[in-house]
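Student: Following this line is input_5.cif, made up of mmCIF, C-alpha atoms and all ligand atoms:
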data_data
loop_
_atom_site.label_atom_id
_atom_site.label_comp_id
_atom_site.auth_asym_id
_atom_site.auth_seq_id
_atom_site.Cartn_x
_atom_site.Cartn_y
_atom_site.Cartn_z
CA MET A 1311 43.44 -60.28 -42.74
CA THR A 1312 44.29 -63.77 -43.97
CA LEU A 1313 42.10 -66.67 -44.92
CA ASP A 1314 41.22 -69.03 -42.06
CA ILE A 1315 42.20 -72.16 -43.92
CA ASP A 1316 41.03 -74.59 -41.23
CA PHE A 1317 37.60 -73.02 -41.29
CA VAL A 1318 37.56 -73.18 -45.10
CA ARG A 1319 38.48 -76.85 -45.16
CA HIS A 1320 35.90 -77.60 -42.52
CA GLN A 1321 33.23 -76.74 -45.11
CA TYR A 1322 34.35 -79.60 -47.37
CA PRO A 1323 33.24 -83.18 -46.63
CA VAL A 1324 36.18 -84.42 -48.69
CA PHE A 1325 38.57 -83.05 -46.07
CA GLN A 1326 36.57 -84.61 -43.22
CA ASN A 1327 36.75 -88.12 -44.63
CA PRO A 1328 40.00 -89.78 -43.40
CA GLU A 1329 40.67 -91.50 -46.72
CA THR A 1330 40.12 -88.63 -49.13
CA ALA A 1331 41.63 -86.10 -46.72
CA GLN A 1332 45.01 -87.78 -47.13
CA TRP A 1333 45.30 -86.60 -50.71
CA ALA A 1334 47.04 -83.39 -51.63
CA PHE A 1335 44.70 -82.42 -54.44
CA PHE A 1336 46.09 -80.15 -57.17
CA GLU A 1337 43.78 -80.93 -60.08
CA ASN A 1338 41.40 -78.10 -59.31
CA ALA A 1339 41.49 -76.66 -62.82
CA GLY A 1340 40.06 -80.00 -63.93
CA GLY A 1341 37.24 -79.80 -61.40
CA SER A 1342 37.17 -78.44 -57.87
CA TYR A 1343 35.97 -80.02 -54.66
CA VAL A 1344 32.48 -79.10 -53.46
CA PRO A 1345 31.54 -77.56 -50.09
CA ARG A 1346 28.73 -78.95 -47.96
CA GLN A 1347 26.41 -76.04 -48.82
CA VAL A 1348 26.26 -77.15 -52.46
CA ILE A 1349 25.99 -80.84 -51.61
CA GLU A 1350 23.16 -80.21 -49.15
CA ARG A 1351 21.16 -78.31 -51.77
CA LEU A 1352 21.74 -81.04 -54.34
CA ASN A 1353 20.69 -83.70 -51.84
CA TYR A 1354 17.62 -81.76 -50.81
CA PHE A 1355 16.54 -81.35 -54.43
CA PHE A 1356 16.93 -85.06 -55.15
CA LYS A 1357 15.26 -86.11 -51.91
CA TYR A 1358 12.23 -83.83 -51.89
CA THR A 1359 11.73 -81.89 -55.12
CA LYS A 1360 13.02 -84.15 -57.88
CA VAL A 1361 10.10 -83.46 -60.19
CA GLN A 1362 9.54 -81.38 -63.31
CA PRO A 1363 9.81 -77.80 -61.96
CA TYR A 1364 7.54 -74.79 -62.46
CA GLY A 1365 4.28 -76.77 -62.14
CA LEU A 1366 1.37 -75.99 -59.82
CA PHE A 1367 1.79 -78.77 -57.23
CA ASP A 1368 3.91 -78.16 -54.14
CA SER A 1369 7.08 -80.09 -54.93
CA SER A 1370 7.14 -78.69 -58.46
CA VAL A 1371 6.68 -75.14 -57.22
CA ALA A 1372 9.51 -75.72 -54.72
CA ALA A 1373 11.77 -77.13 -57.44
CA GLY A 1374 11.18 -74.09 -59.64
CA GLU A 1375 11.80 -71.75 -56.71
CA ALA A 1376 15.06 -73.52 -55.90
CA MET A 1377 16.21 -73.01 -59.48
CA GLU A 1378 15.18 -69.36 -59.53
CA THR A 1379 17.06 -68.83 -56.26
CA ALA A 1380 20.17 -70.19 -57.96
CA TYR A 1381 19.76 -67.95 -61.03
CA ARG A 1382 19.43 -64.95 -58.72
CA CYS A 1383 22.38 -66.02 -56.60
CA VAL A 1384 24.78 -66.43 -59.55
CA ALA A 1385 23.51 -63.17 -61.06
CA GLU A 1386 24.12 -61.35 -57.78
CA LEU A 1387 27.62 -62.80 -57.53
CA LEU A 1388 28.39 -61.51 -61.03
CA ASN A 1389 26.57 -58.24 -60.33
CA THR A 1390 24.15 -58.70 -63.18
CA ASP A 1391 20.59 -59.52 -64.15
CA PRO A 1392 19.49 -63.21 -64.11
CA ASP A 1393 17.99 -62.72 -67.58
CA GLN A 1394 21.48 -62.26 -68.97
CA LEU A 1395 22.49 -65.76 -67.89
CA THR A 1396 22.23 -69.11 -69.65
CA PHE A 1397 22.95 -72.23 -67.59
CA GLY A 1398 23.95 -74.99 -70.00
CA PRO A 1399 25.48 -78.43 -69.44
CA SER A 1400 29.06 -77.18 -69.98
CA THR A 1401 31.08 -74.30 -71.32
CA THR A 1402 32.05 -76.34 -74.36
CA LEU A 1403 28.40 -76.76 -75.28
CA ASN A 1404 27.60 -73.13 -74.49
CA PHE A 1405 30.37 -72.02 -76.87
CA TYR A 1406 29.10 -74.39 -79.54
CA VAL A 1407 25.55 -73.06 -79.26
CA LEU A 1408 26.85 -69.49 -79.18
CA ALA A 1409 28.76 -69.98 -82.43
CA GLN A 1410 25.60 -71.33 -84.06
CA ALA A 1411 23.63 -68.37 -82.73
CA PHE A 1412 26.12 -65.94 -84.31
CA ARG A 1413 26.18 -67.76 -87.66
CA PRO A 1414 23.21 -66.09 -89.39
CA ALA A 1415 24.69 -62.65 -88.68
CA LEU A 1416 28.04 -63.48 -90.28
CA ARG A 1417 28.78 -63.01 -94.00
CA PRO A 1418 31.42 -64.68 -96.16
CA GLY A 1419 34.63 -62.71 -95.69
CA ASP A 1420 33.80 -61.66 -92.13
CA GLU A 1421 36.66 -62.42 -89.79
CA ILE A 1422 36.91 -64.07 -86.38
CA VAL A 1423 40.09 -63.96 -84.33
CA VAL A 1424 40.82 -67.01 -82.18
CA THR A 1425 43.98 -67.77 -80.21
CA ASN A 1426 46.14 -70.84 -79.99
CA GLN A 1427 46.33 -70.32 -76.22
CA ASP A 1428 42.71 -71.23 -75.49
CA HIS A 1429 41.04 -74.48 -74.52
CA GLU A 1430 39.60 -75.95 -77.71
CA ALA A 1431 36.09 -75.11 -76.47
CA ASN A 1432 36.67 -71.48 -77.52
CA ILE A 1433 38.46 -72.31 -80.78
CA GLY A 1434 36.92 -75.27 -82.60
CA CYS A 1435 33.34 -73.98 -82.68
CA TRP A 1436 34.52 -70.71 -84.29
CA ARG A 1437 36.84 -72.43 -86.75
CA ARG A 1438 33.90 -74.52 -87.97
CA LEU A 1439 32.26 -71.34 -89.21
CA SER A 1440 34.87 -71.21 -91.98
CA GLU A 1441 32.56 -73.70 -93.74
CA PHE A 1442 30.27 -70.72 -94.27
CA GLY A 1443 33.01 -68.48 -95.67
CA VAL A 1444 34.05 -66.86 -92.39
CA VAL A 1445 37.79 -66.17 -92.30
CA ILE A 1446 39.61 -67.34 -89.17
CA LYS A 1447 42.70 -65.49 -87.97
CA GLU A 1448 44.91 -66.92 -85.25
CA TRP A 1449 46.42 -64.82 -82.48
CA GLN A 1450 49.50 -66.87 -81.63
CA ILE A 1451 51.39 -67.27 -78.39
CA ASP A 1452 55.10 -66.72 -77.97
CA PRO A 1453 56.44 -70.30 -78.20
CA GLN A 1454 58.79 -69.79 -75.27
CA SER A 1455 56.64 -67.95 -72.73
CA GLY A 1456 53.25 -69.17 -73.91
CA GLU A 1457 51.95 -65.61 -73.63
CA LEU A 1458 49.95 -63.48 -76.07
CA ASP A 1459 51.35 -60.14 -77.23
CA ILE A 1460 48.75 -57.38 -77.50
CA GLU A 1461 50.67 -55.84 -80.42
CA ASP A 1462 50.00 -58.97 -82.45
CA LEU A 1463 46.28 -58.56 -81.89
CA LYS A 1464 46.43 -55.03 -83.31
CA ASN A 1465 47.93 -56.45 -86.49
CA LEU A 1466 45.21 -59.10 -86.83
CA ILE A 1467 42.23 -56.81 -86.44
CA GLY A 1468 40.69 -55.25 -89.53
CA ILE A 1469 37.45 -53.76 -90.79
CA ARG A 1470 35.96 -57.22 -91.36
CA THR A 1471 36.70 -58.45 -87.81
CA ARG A 1472 33.44 -59.35 -86.11
CA LEU A 1473 34.51 -61.40 -83.09
CA VAL A 1474 37.65 -61.83 -81.01
CA CYS A 1475 37.55 -65.02 -78.95
CA PHE A 1476 40.17 -65.31 -76.22
CA THR A 1477 40.76 -66.63 -72.74
CA LEU A 1478 40.96 -64.45 -69.65
CA CYS A 1479 43.46 -66.94 -68.25
CA SER A 1480 44.88 -69.96 -70.04
CA ASN A 1481 44.44 -73.31 -68.30
CA ILE A 1482 48.11 -74.06 -69.12
CA VAL A 1483 50.01 -70.77 -69.07
CA GLY A 1484 48.24 -69.20 -66.10
CA THR A 1485 48.81 -65.58 -67.17
CA MET A 1486 45.81 -63.31 -66.71
CA ASN A 1487 45.42 -61.70 -70.12
CA ASP A 1488 45.00 -57.93 -70.16
CA VAL A 1489 41.26 -57.82 -70.76
CA SER A 1490 41.00 -54.01 -70.74
CA ALA A 1491 43.65 -53.66 -73.42
CA ILE A 1492 42.02 -56.40 -75.50
CA ASN A 1493 38.56 -54.87 -75.16
CA ALA A 1494 39.85 -51.44 -76.18
CA ILE A 1495 41.31 -52.80 -79.41
CA VAL A 1496 38.33 -55.04 -80.18
CA HIS A 1497 35.68 -52.40 -79.51
CA ASP A 1498 37.62 -49.71 -81.40
CA ALA A 1499 37.33 -51.96 -84.42
CA GLY A 1500 33.58 -52.39 -83.88
CA ALA A 1501 33.99 -56.08 -83.06
CA LEU A 1502 32.79 -58.09 -80.05
CA SER A 1503 34.98 -59.69 -77.38
CA ILE A 1504 34.13 -63.21 -76.27
CA ALA A 1505 35.94 -64.35 -73.15
CA ASP A 1506 36.53 -67.82 -71.79
CA GLY A 1507 36.61 -67.38 -68.02
CA VAL A 1508 36.81 -71.04 -67.02
CA SER A 1509 40.37 -70.81 -65.65
CA PHE A 1510 39.82 -67.29 -64.39
CA ALA A 1511 36.61 -67.69 -62.38
CA PRO A 1512 38.06 -69.89 -59.59
CA HIS A 1513 40.55 -67.10 -58.84
CA GLN A 1514 38.70 -63.84 -59.52
CA LEU A 1515 35.06 -62.91 -59.11
CA ALA A 1516 33.98 -61.00 -62.19
CA ASP A 1517 31.74 -57.98 -62.12
CA VAL A 1518 30.67 -58.74 -65.66
CA ASP A 1519 29.83 -55.16 -66.63
CA ARG A 1520 33.18 -53.90 -65.39
CA LEU A 1521 34.98 -56.75 -67.12
CA GLY A 1522 33.87 -55.05 -70.32
CA VAL A 1523 33.62 -58.10 -72.56
CA ASP A 1524 30.51 -58.84 -74.61
CA LEU A 1525 30.18 -62.48 -73.59
CA TYR A 1526 31.70 -64.23 -70.59
CA LEU A 1527 31.59 -67.98 -70.01
CA PHE A 1528 32.74 -70.20 -67.15
CA SER A 1529 32.00 -73.56 -65.55
CA THR A 1530 30.67 -73.91 -62.03
CA TYR A 1531 32.17 -77.35 -61.49
CA LYS A 1532 35.52 -75.52 -61.35
CA THR A 1533 34.15 -72.90 -58.98
CA PHE A 1534 33.08 -75.21 -56.14
CA GLY A 1535 29.66 -76.05 -57.61
CA THR A 1536 27.87 -78.60 -59.73
CA HIS A 1537 28.54 -79.38 -63.38
CA ILE A 1538 27.02 -76.39 -65.16
CA GLY A 1539 28.31 -74.00 -67.82
CA VAL A 1540 27.36 -70.37 -67.23
CA MET A 1541 27.14 -67.95 -70.14
CA TRP A 1542 26.61 -64.25 -69.60
CA GLY A 1543 26.08 -61.70 -72.35
CA LYS A 1544 25.43 -57.99 -72.71
CA LYS A 1545 21.70 -57.44 -73.21
CA GLU A 1546 22.07 -55.80 -76.61
CA VAL A 1547 24.37 -58.59 -77.83
CA LEU A 1548 22.09 -61.40 -76.61
CA ALA A 1549 19.12 -59.71 -78.28
CA LYS A 1550 20.81 -59.96 -81.69
CA LEU A 1551 21.64 -63.67 -81.42
CA GLU A 1552 19.38 -66.17 -83.15
CA SER A 1553 17.53 -68.36 -80.67
CA GLN A 1554 18.75 -71.96 -80.63
CA GLY A 1555 15.90 -73.26 -78.46
CA HIS A 1556 12.47 -74.54 -79.44
CA TYR A 1557 10.55 -71.95 -81.46
CA PHE A 1558 8.06 -71.38 -78.65
CA ASN A 1559 10.92 -70.66 -76.21
CA SER A 1560 12.71 -68.10 -78.32
CA ASP A 1561 11.71 -65.21 -76.05
CA LYS A 1562 12.65 -66.95 -72.80
CA PRO A 1563 16.06 -65.71 -71.65
CA HIS A 1564 17.16 -68.93 -69.94
CA TYR A 1565 16.05 -71.16 -72.80
CA ARG A 1566 16.84 -69.42 -76.08
CA LEU A 1567 20.54 -70.35 -76.02
CA ASN A 1568 20.08 -73.66 -74.26
CA PRO A 1569 18.64 -76.29 -76.60
CA ALA A 1570 19.64 -78.96 -74.06
CA GLY A 1571 17.19 -77.56 -71.50
CA PRO A 1572 18.13 -76.80 -67.88
CA LEU A 1573 19.65 -79.40 -65.55
CA HIS A 1574 17.25 -78.89 -62.68
CA ALA A 1575 19.04 -80.23 -59.60
CA GLU A 1576 22.50 -79.11 -60.70
CA ILE A 1577 21.21 -75.59 -61.24
CA ALA A 1578 19.32 -75.50 -57.93
CA ALA A 1579 22.48 -76.55 -56.07
CA LEU A 1580 24.40 -73.54 -57.39
CA ALA A 1581 22.80 -71.36 -54.72
CA GLY A 1582 25.05 -73.31 -52.35
CA ILE A 1583 28.08 -71.51 -53.81
CA GLY A 1584 26.66 -68.19 -52.63
CA GLU A 1585 25.84 -69.73 -49.27
CA TYR A 1586 29.40 -71.06 -48.98
CA PHE A 1587 30.90 -67.64 -49.73
CA ASP A 1588 28.56 -66.11 -47.15
CA THR A 1589 29.67 -68.64 -44.54
CA LEU A 1590 33.26 -67.58 -45.22
CA TYR A 1591 32.30 -63.92 -45.26
CA GLU A 1592 30.61 -64.10 -41.86
CA LYS A 1593 33.70 -65.78 -40.43
CA HIS A 1594 36.08 -63.09 -41.71
CA PHE A 1595 34.08 -59.83 -41.93
CA THR A 1596 31.39 -57.96 -40.02
CA ASP A 1597 29.99 -55.34 -42.42
CA VAL A 1598 26.42 -56.44 -43.12
CA SER A 1599 25.67 -53.64 -45.57
CA LEU A 1600 27.44 -55.16 -48.54
CA ASN A 1601 25.63 -56.88 -51.40
CA ARG A 1602 26.43 -60.41 -52.53
CA HIS A 1603 28.92 -59.34 -55.17
CA GLN A 1604 30.76 -57.08 -52.74
CA ARG A 1605 30.88 -59.81 -50.09
CA GLY A 1606 32.10 -62.27 -52.70
CA THR A 1607 34.80 -59.86 -53.83
CA LYS A 1608 36.13 -59.56 -50.29
CA ILE A 1609 36.28 -63.33 -50.00
CA TYR A 1610 37.99 -63.65 -53.39
CA ASP A 1611 40.56 -61.06 -52.30
CA LEU A 1612 41.44 -63.36 -49.41
CA PHE A 1613 41.58 -66.32 -51.81
CA ALA A 1614 43.90 -64.40 -54.15
CA GLY A 1615 46.40 -63.49 -51.43
CA HIS A 1616 46.49 -67.07 -50.16
CA GLU A 1617 46.81 -68.55 -53.65
CA ALA A 1618 49.61 -66.16 -54.63
CA ARG A 1619 51.60 -67.21 -51.55
CA LEU A 1620 51.18 -70.91 -52.37
CA ALA A 1621 51.91 -70.36 -56.06
CA ASN A 1622 55.16 -68.57 -55.25
CA GLN A 1623 56.13 -71.30 -52.78
CA LEU A 1624 55.89 -73.77 -55.66
CA LEU A 1625 57.33 -71.50 -58.36
CA ASN A 1626 60.37 -70.66 -56.23
CA ALA A 1627 61.05 -74.36 -55.73
CA LEU A 1628 60.52 -75.21 -59.41
CA GLN A 1629 63.01 -72.52 -60.38
CA GLU A 1630 65.65 -74.30 -58.36
CA MET A 1631 65.04 -77.61 -60.12
CA PRO A 1632 67.39 -77.76 -63.08
CA GLY A 1633 65.35 -80.43 -64.83
CA VAL A 1634 62.24 -78.30 -65.15
CA ARG A 1635 60.93 -75.75 -67.68
CA ILE A 1636 58.22 -73.55 -66.16
CA ILE A 1637 55.50 -72.36 -68.52
CA GLY A 1638 54.40 -68.75 -68.09
CA GLN A 1639 55.52 -66.19 -65.55
CA PRO A 1640 58.07 -67.29 -62.94
CA GLN A 1641 56.31 -65.43 -60.12
CA ALA A 1642 52.67 -65.14 -59.16
CA ALA A 1643 51.10 -61.76 -58.50
CA VAL A 1644 47.46 -61.09 -57.79
CA GLY A 1645 45.72 -60.26 -61.06
CA ARG A 1646 48.73 -61.21 -63.20
CA ARG A 1647 49.20 -64.94 -62.78
CA ALA A 1648 46.72 -67.48 -61.51
CA ALA A 1649 47.90 -70.35 -59.32
CA THR A 1650 47.70 -72.68 -62.33
CA ILE A 1651 51.26 -73.81 -62.82
CA ALA A 1652 52.38 -75.95 -65.72
CA PHE A 1653 55.91 -77.23 -66.18
CA ILE A 1654 57.81 -79.69 -68.31
CA PRO A 1655 60.42 -82.08 -66.97
CA ARG A 1656 63.40 -82.04 -69.33
CA GLU A 1657 64.57 -85.60 -68.78
CA LYS A 1658 61.57 -87.67 -67.71
CA LYS A 1659 58.15 -88.41 -69.13
CA PRO A 1660 55.46 -86.27 -67.41
CA SER A 1661 53.22 -89.31 -66.94
CA GLU A 1662 55.99 -91.14 -65.03
CA ILE A 1663 56.29 -88.28 -62.58
CA VAL A 1664 52.53 -87.94 -62.18
CA LYS A 1665 52.24 -91.65 -61.47
CA ARG A 1666 54.95 -91.55 -58.83
CA LEU A 1667 53.31 -88.55 -57.16
CA ALA A 1668 50.00 -90.40 -57.07
CA GLU A 1669 51.71 -93.25 -55.21
CA ASN A 1670 52.41 -90.64 -52.52
CA LEU A 1671 48.81 -89.43 -52.50
CA ILE A 1672 49.52 -86.30 -54.51
CA ALA A 1673 46.96 -85.67 -57.26
CA VAL A 1674 48.18 -83.84 -60.37
CA ARG A 1675 47.78 -84.63 -64.06
CA ASN A 1676 49.71 -84.30 -67.26
CA GLY A 1677 48.59 -83.78 -70.83
CA HIS A 1678 47.32 -80.95 -73.02
CA PHE A 1679 44.11 -80.39 -71.06
CA TYR A 1680 42.28 -79.71 -74.35
CA ALA A 1681 44.52 -76.71 -74.96
CA ARG A 1682 46.28 -78.88 -77.50
CA ARG A 1683 47.18 -76.05 -79.87
CA CYS A 1684 48.87 -74.25 -76.97
CA VAL A 1685 50.89 -77.28 -75.97
CA GLU A 1686 51.91 -77.88 -79.61
CA ALA A 1687 52.90 -74.23 -80.03
CA LEU A 1688 55.07 -74.52 -76.91
CA GLY A 1689 57.10 -77.03 -78.89
CA LEU A 1690 56.19 -80.20 -77.01
CA GLU A 1691 56.85 -83.24 -79.12
CA ASP A 1692 54.19 -85.39 -77.52
CA PRO A 1693 51.10 -83.29 -76.73
CA ASP A 1694 49.40 -86.23 -75.03
CA GLU A 1695 52.24 -86.41 -72.52
CA GLY A 1696 52.07 -82.61 -72.53
CA VAL A 1697 52.83 -80.63 -69.42
CA ILE A 1698 52.45 -81.43 -65.73
CA ARG A 1699 49.83 -79.07 -64.35
CA VAL A 1700 49.47 -78.11 -60.71
CA SER A 1701 46.34 -76.14 -60.08
CA LEU A 1702 45.95 -74.56 -56.65
CA VAL A 1703 42.84 -72.97 -55.22
CA HIS A 1704 42.04 -71.32 -51.92
CA TYR A 1705 41.55 -74.54 -49.93
CA ASN A 1706 45.05 -75.84 -50.66
CA THR A 1707 47.61 -75.51 -47.89
CA GLU A 1708 51.30 -74.72 -47.50
CA ASP A 1709 51.83 -78.24 -46.16
CA GLU A 1710 50.32 -79.77 -49.27
CA VAL A 1711 52.58 -77.67 -51.48
CA LYS A 1712 55.55 -78.68 -49.32
CA ARG A 1713 54.68 -82.35 -49.86
CA LEU A 1714 54.49 -81.77 -53.60
CA ILE A 1715 57.84 -79.98 -53.66
CA GLU A 1716 59.49 -82.79 -51.68
CA GLY A 1717 57.99 -85.31 -54.07
CA LEU A 1718 59.21 -83.41 -57.11
CA TRP A 1719 62.76 -83.01 -55.80
CA GLY A 1720 63.19 -86.74 -55.95
CA LEU A 1721 61.80 -86.93 -59.47
CA CYS A 1722 62.84 -83.87 -61.52
C1 LIG A 1801 40.05 -72.83 -69.90
C2 LIG A 1801 38.95 -73.77 -70.17
N1 LIG A 1801 38.00 -73.42 -71.04
C3 LIG A 1801 36.95 -74.21 -71.31
C4 LIG A 1801 36.82 -75.45 -70.71
C5 LIG A 1801 35.65 -76.30 -71.04
O1 LIG A 1801 34.75 -76.30 -69.98
P1 LIG A 1801 33.63 -77.43 -69.86
O2 LIG A 1801 34.30 -78.64 -69.34
O3 LIG A 1801 32.61 -76.85 -68.95
O4 LIG A 1801 33.10 -77.65 -71.22
C6 LIG A 1801 37.79 -75.87 -69.80
C7 LIG A 1801 37.69 -77.19 -69.17
O5 LIG A 1801 38.61 -77.74 -68.66
C8 LIG A 1801 38.87 -75.01 -69.53
O6 LIG A 1801 39.84 -75.35 -68.67
#
Write out the structure in this file as structure tokens.

Tutor:
Amino acid sequence: MTLDIDFVRHQYPVFQNPETAQWAFFENAGGSYVPRQVIERLNYFFKYTKVQPYGLFDSSVAAGEAMETAYRCVAELLNTDPDQLTFGPSTTLNFYVLAQAFRPALRPGDEIVVTNQDHEANIGCWRRLSEFGVVIKEWQIDPQSGELDIEDLKNLIGIRTRLVCFTLCSNIVGTMNDVSAINAIVHDAGALSIADGVSFAPHQLADVDRLGVDLYLFSTYKTFGTHIGVMWGKKEVLAKLESQGHYFNSDKPHYRLNPAGPLHAEIAALAGIGEYFDTLYEKHFTDVSLNRHQRGTKIYDLFAGHEARLANQLLNALQEMPGVRIIGQPQAAVGRRAATIAFIPREKKPSEIVKRLAENLIAVRNGHFYARRCVEALGLEDPDEGVIRVSLVHYNTEDEVKRLIEGLWGLC
């Protein structure tokens, strides 16, 4: 069974519009395209129910119901309870609020492990807690491969370790970190594991309980939805966090860690992600007995196979280009390397190459992508020039990758 790519692309208005369809789009880790199911729900909300939700008049009741449908849908996809979810404006803000919520429970001398592989969203907010006497320890990448060594984590963990904050998959290196091994070490030490899933979620559908971390965060604007940050936590962990919402909301699960308040329409539209996956499911499978998470997993398995093929098509070509240093593993394998491929041209400036590709309607970007510490640790002299990142998702095609490879041959 392979993914019917024409059917997939048919769901996306951006591929139906002659102008935008010309672009080979590889900036998905920055923000993915959106299928019609999400757009239709967003439109509907703005057209007919764009009022303060949860009131007693019809449009307000409908708005609240649309939001509740979305909470349920995302919870079902993650195989969890909607009350364990916070929908904030972004993952960066969710991390910031989370760090503040942990603060009262931390004592001077308590330790937090952060990496230098992560996006700054899962580093800076924890480092700020050093102002309150918390000791920050850094789990560092190998400067050549960009990967984290689990043995190094063992050496960083001690009796004062309270939190270990890491990424499931770096937005630069692309390696899927070994979450089971990390959890085992962290939980053995009585600490909590806090996982950034932003670069993981477009490629793997988490069953959050099975993932085994204590808190899991990702952004739906990278998983084919609107601009929302989703934060999931284990019930017993969430219960211990200090509410960051208004005092009268401190018992409300969706509000206690969201001082910004919910973004009504953007949340309501998230149910469109589930609808999109179901449209794909019905096209590829017949078993109607599966629940939403199981259906989603089957679809993600198809995504993963397709993405691994495309990633290897590109990686194989990059390996033949003498002027290129590939970051991370040289081959993609499902569950080991996401189709997020960063490389550094040895002779040319990354921005020059990116500009030339754009002239040929190929969309990639260069820079540090807010994983600045990672790019610095990789030894790049100019982190703003950084790496060139090609981020593939399931709607990309072999032809698009071929165009990219042809473009790069002339430039690297
Ligand atoms: C790996 C990773 N973590 C965190 C973030 C921050 O997410 P948001 O933009 O929702 O704050 C990003 C955004 O690019 C990311 O790539």

Student: Work out how far atom CA of A:Ile1451 is from atom CA of A:Gln1427, in Å to one decimal.

Tutor: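 Straight-line distance from atom CA of A:Gln1427 to atom CA of A:Ile1451 works out to 6.3 Å.
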
Student: Which distance in Å separates atom CA of A:Glu1461 and atom CA of A:Trp1436, to one decimal?

Tutor: 22.3 Å

Student: From the list A:Glu1430, A:Glu1337, A:Asp1314, A:Glu1378, which residue is nearest ligand LIG 1801 (chain A) when using all atoms listed in the file?

Tutor: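 Answer, going by the shortest atom-to-atom distance: A:Glu1430.
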
Student: How many Å separate atom CA of A:Leu1612 from atom CA of A:Val1384?

Tutor: 19.7 Å

Student: Counting all atoms listed in the file, what residues are within 6 Å of ligand LIG 1801 (chain A), given as a VMD selection string?

Tutor: chain A and resid 1340 1400 to 1402 1429 1431 1480 to 1481 1506 1508 to 1509 1529 1539

Student: Write out as a ChimeraX atom specification each polymer residue whose atoms come within 9 Å of stretch 1567-1574 of chain A, counting all atoms listed in the file; drop sequence neighbours fewer than 5 positions from it.

Tutor: /A:1355,1360-1363,1373-1374,1376-1377,1396-1399,1403-1404,1407-1408,1411,1538,1551-1556,1560,1579
